[in-house]
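Novice: Here you go, this is coords_17.txt (compact mmCIF, C-alpha atoms).
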# COMPACT_ATOMS: atom_id res chain seq x y z
CA MET V 1 -7.36 -7.13 104.74
CA ASP V 2 -8.62 -9.59 102.12
CA ASP V 3 -11.88 -10.18 104.00
CA GLU V 4 -12.68 -6.46 103.79
CA ARG V 5 -12.59 -6.37 99.97
CA PRO V 6 -16.09 -6.05 98.46
CA ASP V 7 -15.52 -8.98 96.09
CA VAL V 8 -14.52 -11.30 98.94
CA LEU V 9 -16.99 -12.65 101.50
CA THR V 10 -16.25 -13.95 104.94
CA ILE V 11 -18.45 -16.78 106.11
CA GLY V 12 -20.44 -14.26 108.14
CA ARG V 13 -21.10 -12.07 105.09
CA LEU V 14 -21.95 -15.17 103.04
CA ALA V 15 -24.48 -16.14 105.70
CA HIS V 16 -25.99 -12.65 105.52
CA ARG V 17 -26.19 -12.77 101.70
CA THR V 18 -27.82 -16.21 101.58
CA GLY V 19 -29.97 -16.11 104.72
CA LEU V 20 -28.37 -19.28 106.08
CA SER V 21 -26.70 -19.68 109.44
CA VAL V 22 -22.94 -19.67 109.86
CA PRO V 23 -22.93 -23.19 111.42
CA THR V 24 -24.82 -24.56 108.38
CA LEU V 25 -22.39 -22.95 105.94
CA ARG V 26 -19.42 -24.14 107.98
CA PHE V 27 -20.78 -27.69 107.93
CA TRP V 28 -21.37 -27.57 104.16
CA SER V 29 -17.89 -26.17 103.70
CA ASP V 30 -16.32 -28.92 105.84
CA GLU V 31 -18.17 -31.54 103.77
CA GLY V 32 -16.85 -30.06 100.51
CA ALA V 33 -20.16 -28.77 99.19
CA VAL V 34 -19.22 -25.09 99.48
CA PRO V 35 -15.42 -24.94 99.76
CA PRO V 36 -13.77 -21.58 100.43
CA VAL V 37 -12.03 -19.97 97.49
CA ALA V 38 -9.19 -18.72 99.70
CA ARG V 39 -8.07 -18.13 103.26
CA SER V 40 -7.35 -14.82 104.93
CA ALA V 41 -3.99 -14.05 106.54
CA GLY V 42 -5.61 -15.07 109.80
CA GLY V 43 -6.78 -18.40 108.35
CA TYR V 44 -10.45 -17.47 107.98
CA ARG V 45 -12.47 -18.89 105.06
CA LEU V 46 -13.16 -16.55 102.18
CA TYR V 47 -15.83 -16.86 99.49
CA ASP V 48 -16.79 -14.99 96.31
CA ALA V 49 -19.87 -14.26 94.22
CA GLU V 50 -19.80 -17.75 92.67
CA SER V 51 -19.95 -19.16 96.19
CA VAL V 52 -23.31 -17.44 96.66
CA ALA V 53 -24.69 -19.20 93.57
CA ARG V 54 -23.21 -22.49 94.77
CA VAL V 55 -24.88 -22.08 98.16
CA GLU V 56 -28.23 -21.50 96.43
CA LEU V 57 -27.78 -24.67 94.38
CA VAL V 58 -26.82 -26.70 97.46
CA ARG V 59 -29.83 -25.34 99.32
CA THR V 60 -32.15 -26.26 96.44
CA LEU V 61 -30.81 -29.82 96.23
CA ARG V 62 -31.00 -30.22 100.02
CA GLU V 63 -34.61 -28.98 100.06
CA LEU V 64 -35.38 -31.66 97.45
CA GLY V 65 -34.09 -34.28 99.84
CA LEU V 66 -30.61 -34.99 98.48
CA GLY V 67 -27.94 -35.86 100.99
CA LEU V 68 -24.67 -33.91 101.04
CA ASP V 69 -22.82 -36.86 99.51
CA ASP V 70 -25.11 -36.74 96.46
CA VAL V 71 -24.84 -32.94 96.35
CA CYS V 72 -21.05 -33.14 96.28
CA ARG V 73 -21.15 -35.78 93.54
CA VAL V 74 -23.34 -33.50 91.41
CA LEU V 75 -21.20 -30.43 92.02
CA SER V 76 -17.99 -32.31 91.23
CA GLY V 77 -19.42 -33.61 87.95
CA ARG V 78 -19.28 -37.26 88.96
CA THR V 79 -23.03 -37.55 88.31
CA THR V 80 -25.82 -35.39 86.95
CA VAL V 81 -28.77 -33.81 88.70
CA ALA V 82 -31.08 -35.87 86.47
CA GLU V 83 -29.48 -39.17 87.50
CA VAL V 84 -29.63 -38.33 91.18
CA ALA V 85 -33.19 -37.02 90.83
CA ASP V 86 -34.29 -40.27 89.18
CA ALA V 87 -32.87 -42.30 92.06
CA HIS V 88 -34.57 -40.05 94.58
CA VAL V 89 -37.91 -40.29 92.79
CA THR V 90 -37.73 -44.08 93.20
CA ALA V 91 -36.84 -43.72 96.87
CA LEU V 92 -39.57 -41.15 97.46
CA ASP V 93 -42.15 -43.37 95.76
CA ALA V 94 -41.24 -46.17 98.18
CA GLN V 95 -41.48 -43.74 101.09
CA ILE V 96 -44.86 -42.47 99.93
CA ARG V 97 -46.21 -46.03 99.62
CA SER V 98 -44.95 -46.82 103.11
CA LEU V 99 -46.49 -43.65 104.53
CA ARG V 100 -49.81 -44.45 102.89
CA VAL V 101 -49.76 -47.89 104.48
CA SER V 102 -48.90 -46.36 107.86
CA ARG V 103 -51.68 -43.80 107.52
CA ALA V 104 -54.22 -46.46 106.58
CA VAL V 105 -53.24 -48.68 109.52
CA LEU V 106 -53.35 -45.78 112.00
CA SER V 107 -56.69 -44.61 110.59
CA THR V 108 -58.13 -48.10 111.05
CA VAL V 109 -56.67 -48.36 114.56
CA ALA V 110 -58.24 -45.02 115.52
CA GLU V 111 -61.61 -45.96 114.04
CA ARG V 112 -61.75 -49.39 115.67
CA GLY V 113 -60.14 -48.43 118.97
CA SER V 114 -57.78 -51.37 118.47
CA THR V 115 -55.60 -52.97 121.12
CA VAL V 116 -51.82 -53.16 120.83
CA GLU V 117 -52.08 -56.77 119.63
CA GLU V 118 -54.69 -55.92 117.00
CA THR V 119 -52.59 -52.97 115.84
CA ALA V 120 -49.54 -55.20 115.40
CA LEU V 121 -51.60 -57.74 113.41
CA MET V 122 -53.06 -55.07 111.13
CA ASN V 123 -49.61 -53.61 110.51
CA ARG V 124 -48.25 -57.04 109.53
CA LEU V 125 -51.20 -57.71 107.20
CA ALA V 126 -50.82 -54.32 105.54
CA ARG V 127 -47.10 -54.79 104.89
CA LEU V 128 -47.22 -58.30 103.46
CA SER V 129 -45.43 -58.77 100.16
CA ALA V 130 -47.42 -59.45 96.99
CA ALA V 131 -46.41 -63.14 97.18
CA GLU V 132 -47.56 -63.39 100.80
CA ARG V 133 -50.89 -61.74 100.00
CA LYS V 134 -51.37 -64.13 97.07
CA GLN V 135 -50.70 -67.11 99.32
CA ILE V 136 -53.43 -66.01 101.75
CA ILE V 137 -55.94 -65.66 98.91
CA ASP V 138 -54.91 -68.95 97.26
CA GLU V 139 -55.36 -70.85 100.53
CA PHE V 140 -58.75 -69.22 101.00
CA LYS V 141 -59.83 -70.09 97.44
CA GLU V 142 -58.79 -73.72 97.84
CA GLU V 143 -60.69 -74.17 101.10
CA VAL V 144 -63.86 -72.38 99.99
CA PHE V 145 -64.09 -73.25 96.29
CA GLY V 146 -61.90 -76.32 95.87
CA GLY V 147 -63.60 -79.52 94.69
CA LEU V 148 -66.87 -77.88 93.67
CA ASP V 149 -68.00 -79.59 90.47
CA ASP V 150 -68.91 -76.62 88.31
CA PRO V 151 -66.81 -75.95 85.17
CA ARG V 152 -67.84 -72.28 85.07
CA LEU V 153 -66.90 -71.81 88.72
CA ARG V 154 -63.54 -73.56 88.23
CA GLU V 155 -62.69 -71.26 85.32
CA ARG V 156 -63.77 -68.21 87.28
CA MET V 157 -61.65 -69.24 90.26
CA ARG V 158 -58.65 -69.96 88.03
CA THR V 159 -58.56 -66.34 86.92
CA TYR V 160 -59.87 -64.92 90.20
CA SER V 161 -57.44 -62.67 92.02
CA ILE V 162 -57.53 -60.06 94.74
CA GLU V 163 -54.44 -57.93 94.29
CA LEU V 164 -53.44 -54.78 96.10
CA PRO V 165 -51.82 -52.42 93.55
CA ASP V 166 -48.20 -51.29 93.93
CA ASP V 167 -49.39 -47.80 94.82
CA PRO V 168 -52.58 -48.40 96.83
CA THR V 169 -54.80 -45.70 98.25
CA PRO V 170 -55.38 -45.60 102.02
CA GLU V 171 -58.92 -46.88 101.35
CA GLN V 172 -57.54 -49.91 99.49
CA VAL V 173 -55.06 -50.69 102.27
CA ASP V 174 -57.83 -50.39 104.86
CA ALA V 175 -60.04 -52.73 102.82
CA TRP V 176 -57.17 -55.21 102.42
CA ILE V 177 -56.57 -55.31 106.19
CA GLU V 178 -60.24 -56.09 106.80
CA LEU V 179 -60.41 -58.61 103.95
CA ALA V 180 -57.23 -60.41 105.04
CA GLU V 181 -58.57 -60.75 108.58
CA LEU V 182 -61.86 -62.06 107.18
CA VAL V 183 -60.52 -64.69 104.77
CA ARG V 184 -58.11 -66.02 107.43
CA ASP V 185 -61.05 -66.67 109.79
CA PRO V 186 -61.90 -70.42 109.77
CA GLY V 187 -65.51 -69.67 110.72
CA PHE V 188 -65.98 -67.35 107.76
CA ARG V 189 -64.41 -69.89 105.42
CA ALA V 190 -66.75 -72.62 106.66
CA ARG V 191 -69.85 -70.42 106.31
CA LEU V 192 -68.86 -69.30 102.82
CA ARG V 193 -68.14 -72.90 101.79
CA THR V 194 -71.64 -73.93 102.95
CA TRP V 195 -73.15 -71.09 100.94
CA MET V 196 -71.13 -72.03 97.84
CA GLU V 197 -72.20 -75.68 98.09
CA LEU V 198 -75.86 -74.61 98.19
CA ASN V 199 -75.32 -72.53 95.04
CA THR V 200 -73.24 -75.01 93.01
CA PRO V 201 -75.16 -77.34 90.66
CA LEU V 202 -74.75 -81.07 91.07
CA PRO V 203 -73.51 -83.01 88.01
CA GLY V 204 -76.20 -83.15 85.35
CA GLN V 205 -78.46 -80.65 87.13
CA GLY V 206 -79.23 -77.00 86.63
CA ARG V 207 -78.31 -74.14 88.92
CA PRO V 208 -79.94 -74.57 92.34
CA PRO V 209 -82.92 -72.37 93.24
CA GLY V 210 -81.74 -69.24 95.00
CA ALA V 211 -78.36 -69.04 93.31
CA SER V 212 -79.70 -66.34 91.01
CA ILE V 213 -80.28 -64.05 94.00
CA TRP V 214 -76.55 -63.57 94.36
CA TRP V 215 -75.71 -63.14 90.68
CA ALA V 216 -78.76 -61.18 89.43
CA ARG V 217 -78.74 -57.73 90.99
CA GLN V 218 -82.10 -56.97 89.40
CA ILE V 219 -83.67 -59.14 92.10
CA VAL V 220 -82.16 -56.90 94.76
CA GLN V 221 -83.23 -53.79 92.85
CA THR V 222 -86.79 -55.11 92.69
CA VAL V 223 -86.82 -55.52 96.46
CA VAL V 224 -85.40 -52.00 96.84
CA GLU V 225 -88.37 -50.62 94.91
CA VAL V 226 -91.04 -52.56 96.83
CA ARG V 227 -89.49 -51.57 100.15
CA LYS V 228 -89.62 -47.93 99.07
CA GLY V 229 -93.32 -48.49 98.41
CA GLY V 230 -93.80 -49.66 101.98
CA VAL V 231 -94.56 -53.31 101.13
CA ALA V 232 -94.33 -55.51 104.21
CA PRO V 233 -92.53 -58.86 103.79
CA GLU V 234 -95.43 -60.69 105.47
CA GLY V 235 -98.20 -59.20 103.28
CA PRO V 236 -99.95 -60.41 100.12
CA ALA V 237 -98.00 -58.03 97.88
CA ALA V 238 -94.76 -59.68 99.01
CA ALA V 239 -96.23 -63.11 98.23
CA GLU V 240 -97.05 -61.95 94.71
CA LEU V 241 -93.50 -60.67 94.30
CA LEU V 242 -92.08 -64.06 95.32
CA SER V 243 -94.19 -65.72 92.63
CA GLU V 244 -92.86 -63.27 90.04
CA LEU V 245 -89.25 -63.77 91.13
CA PHE V 246 -89.12 -67.53 91.69
CA GLY V 247 -92.16 -69.05 89.98
CA GLU V 248 -92.43 -72.74 90.83
CA ALA V 249 -88.93 -73.01 92.26
CA ASP V 250 -88.40 -74.78 95.57
CA ARG V 251 -88.90 -71.89 98.01
CA ALA V 252 -87.28 -73.79 100.88
CA ALA V 253 -84.11 -74.23 98.81
CA VAL V 254 -84.16 -70.58 97.89
CA LEU V 255 -84.46 -69.63 101.56
CA ARG V 256 -81.62 -71.95 102.58
CA SER V 257 -79.32 -70.33 100.03
CA LEU V 258 -80.39 -66.86 101.06
CA GLU V 259 -79.91 -67.50 104.78
CA ALA V 260 -76.52 -69.11 104.20
CA GLY V 261 -75.32 -66.10 102.22
CA ILE V 262 -76.55 -63.66 104.85
CA GLU V 263 -74.95 -65.66 107.66
CA ALA V 264 -71.67 -65.90 105.75
CA GLY V 265 -71.59 -62.14 105.19
CA ALA V 266 -71.33 -62.57 101.42
CA GLU V 267 -72.30 -58.95 100.77
CA ASN V 268 -69.55 -57.61 103.02
CA TYR V 269 -67.03 -59.92 101.34
CA ARG V 270 -68.12 -58.80 97.88
CA ARG V 271 -67.78 -55.12 98.78
CA LEU V 272 -64.36 -55.58 100.41
CA VAL V 273 -63.02 -57.31 97.28
CA ALA V 274 -64.27 -54.41 95.14
CA ARG V 275 -62.66 -51.85 97.46
CA VAL V 276 -59.29 -53.63 97.41
CA ARG V 277 -59.41 -53.64 93.62
CA GLY V 278 -60.32 -49.96 93.56
CA GLN V 279 -63.63 -50.72 91.84
CA GLU V 280 -67.05 -49.20 92.32
CA SER V 281 -69.34 -51.69 94.04
CA SER V 282 -73.09 -51.77 94.18
CA PRO V 283 -74.64 -50.72 97.52
CA ASP V 284 -74.76 -53.18 100.39
CA ALA V 285 -77.90 -55.25 99.81
CA THR V 286 -77.98 -57.02 103.18
CA GLU V 287 -81.20 -55.28 104.28
CA GLU V 288 -82.93 -56.18 101.01
CA LEU V 289 -81.82 -59.80 101.31
CA GLU V 290 -83.05 -59.99 104.89
CA TRP V 291 -86.42 -58.56 103.75
CA LEU V 292 -86.57 -61.26 101.09
CA ALA V 293 -85.76 -63.95 103.65
CA ARG V 294 -88.57 -62.70 105.90
CA ALA V 295 -90.98 -62.82 102.96
CA LEU V 296 -89.96 -66.40 102.15
CA ARG V 297 -90.40 -67.48 105.76
CA ALA V 298 -93.82 -65.84 105.92
CA ALA V 299 -94.84 -67.54 102.68
CA GLY V 300 -93.69 -70.87 104.04
CA ARG V 301 -95.96 -70.53 107.03
CA THR V 302 -99.08 -69.96 104.93
Starting from the file, give its structure as structure tokens.
Specialist:
Amino acid sequence: MDDERPDVLTIGRLAHRTGLSVPTLRFWSDEGAVPPVARSAGGYRLYDAESVARVELVRTLRELGLGLDDVCRVLSGRTTVAEVADAHVTALDAQIRSLRVSRAVLSTVAERGSTVEETALMNRLARLSAAERKQIIDEFKEEVFGGLDDPRLRERMRTYSIELPDDPTPEQVDAWIELAELVRDPGFRARLRTWMELNTPLPGQGRPPGASIWWARQIVQTVVEVRKGGVAPEGPAAAELLSELFGEADRAAVLRSLEAGIEAGAENYRRLVARVRGQESSPDATEELEWLARALRAAGRT
């Protein structure tokens, strides 16, 4: 019989040679990926040595994620492996981005112990399009910074953007979820607007006292050092430090700006923006700013 010849393989012998199951080979054969080279007198499928190589190629392409339709197109010469691979790279990139978003959302849900409603909201925020994310940030910018009469601030806000990259890390997605929730909160917007108004110069005047706290990180670093030295905010050493930092500036105005920034959560906002952008941010300085506020209050009572 033909199927007993050593150069002819039945589907069972082909399965043994390739390590695949007979049902898999039969399915591939039915789909045209591994057609039989002949039929036996009894109608059974017969294969040859080239069929073994073809099975190996089909298996390789399937392991790389190609569907049988694409495999058949490659094997028939209607397209090339390179062309199909390029299309699949694009599809896989999209899948990877989606999986990263899903992982970030699930990680945040697990960490927060979120409810079903919170989970749904986070998922929607994470999967917003670039245009939708931009709209959220633009609305936030207009409400918080709009109308403030400071040419430098207007220019900074014109170029200011918070963009999630096309291929974000889970950390960036997590930061975006938290930031999007924050900037959509009317209470946060109002607090940040109050803080910005206290730090924006009026026409014809210089920068308000206290504004430098938020832009000059050396002030924070100075407080870091004195706290390491065990200086209490209510003691004389703290009073001397205030004189060095602020001179004859209006201490009450400085304190108002400082308290407004702390209440608004300006440090948390700053760090979230840096995380979304994938940038290194300086350490959270909230404790240092609260120490400084205590020192200013103590000085005001003396």
Novice: Report, in Å with one decimal, the straight-line distance from CA of Ala130 (chain V) to CA of Val101 (chain V).
Specialist: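 Atom-to-atom, CA of Ala130 (chain V) and CA of Val101 (chain V) are spaced 14.0 Å apart.
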Novice: Between CA of Asp284 (chain V) and CA of Val223 (chain V), what distance in Å does the model show, to one decimal?
Specialist: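 Between CA of Asp284 (chain V) and CA of Val223 (chain V) the gap is 12.9 Å.
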Novice: With only C-alpha atoms as the basis for distance, which of V:Ser40, V:Tyr160, V:Leu242, V:Asp48 is at the shortest distance from Val226 (chain V)?
Specialist: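 Selected residue with least distance to Val226 (chain V): V:Leu242.
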Novice: Between V:Asp86, V:Ala260, V:Glu287, V:Val220, which one has atoms that come closest to Leu245 (chain V), using all atoms listed in the file?
Specialist: V:Val220
Novice: Record the distance separating CA of Ala126 (chain V) and CA of Thr169 (chain V), expressed in Å with one decimal.
Specialist: 12.0 Å
Novice: Which one is closest to Gly43 (chain V): V:Ala180, V:Glu163, V:Asp138, V:Thr10? Count only C-alpha atoms.
Specialist: V:Thr10
Novice: Counting only C-alpha atoms, I want the residues whose atoms come within 9 Å of (-62.3, -62.5, 103.4) in the file frame, returned as number ranges by chain.
Specialist: V: 137, 140, 176, 178-185, 188-189, 268-270, 272-273
Novice: Determine the nearest neighbour of Asp167 (chain V) from the options V:Cys72, V:Leu66, V:Leu14, V:Ile96, counting all atoms listed in the file.
Specialist: V:Ile96
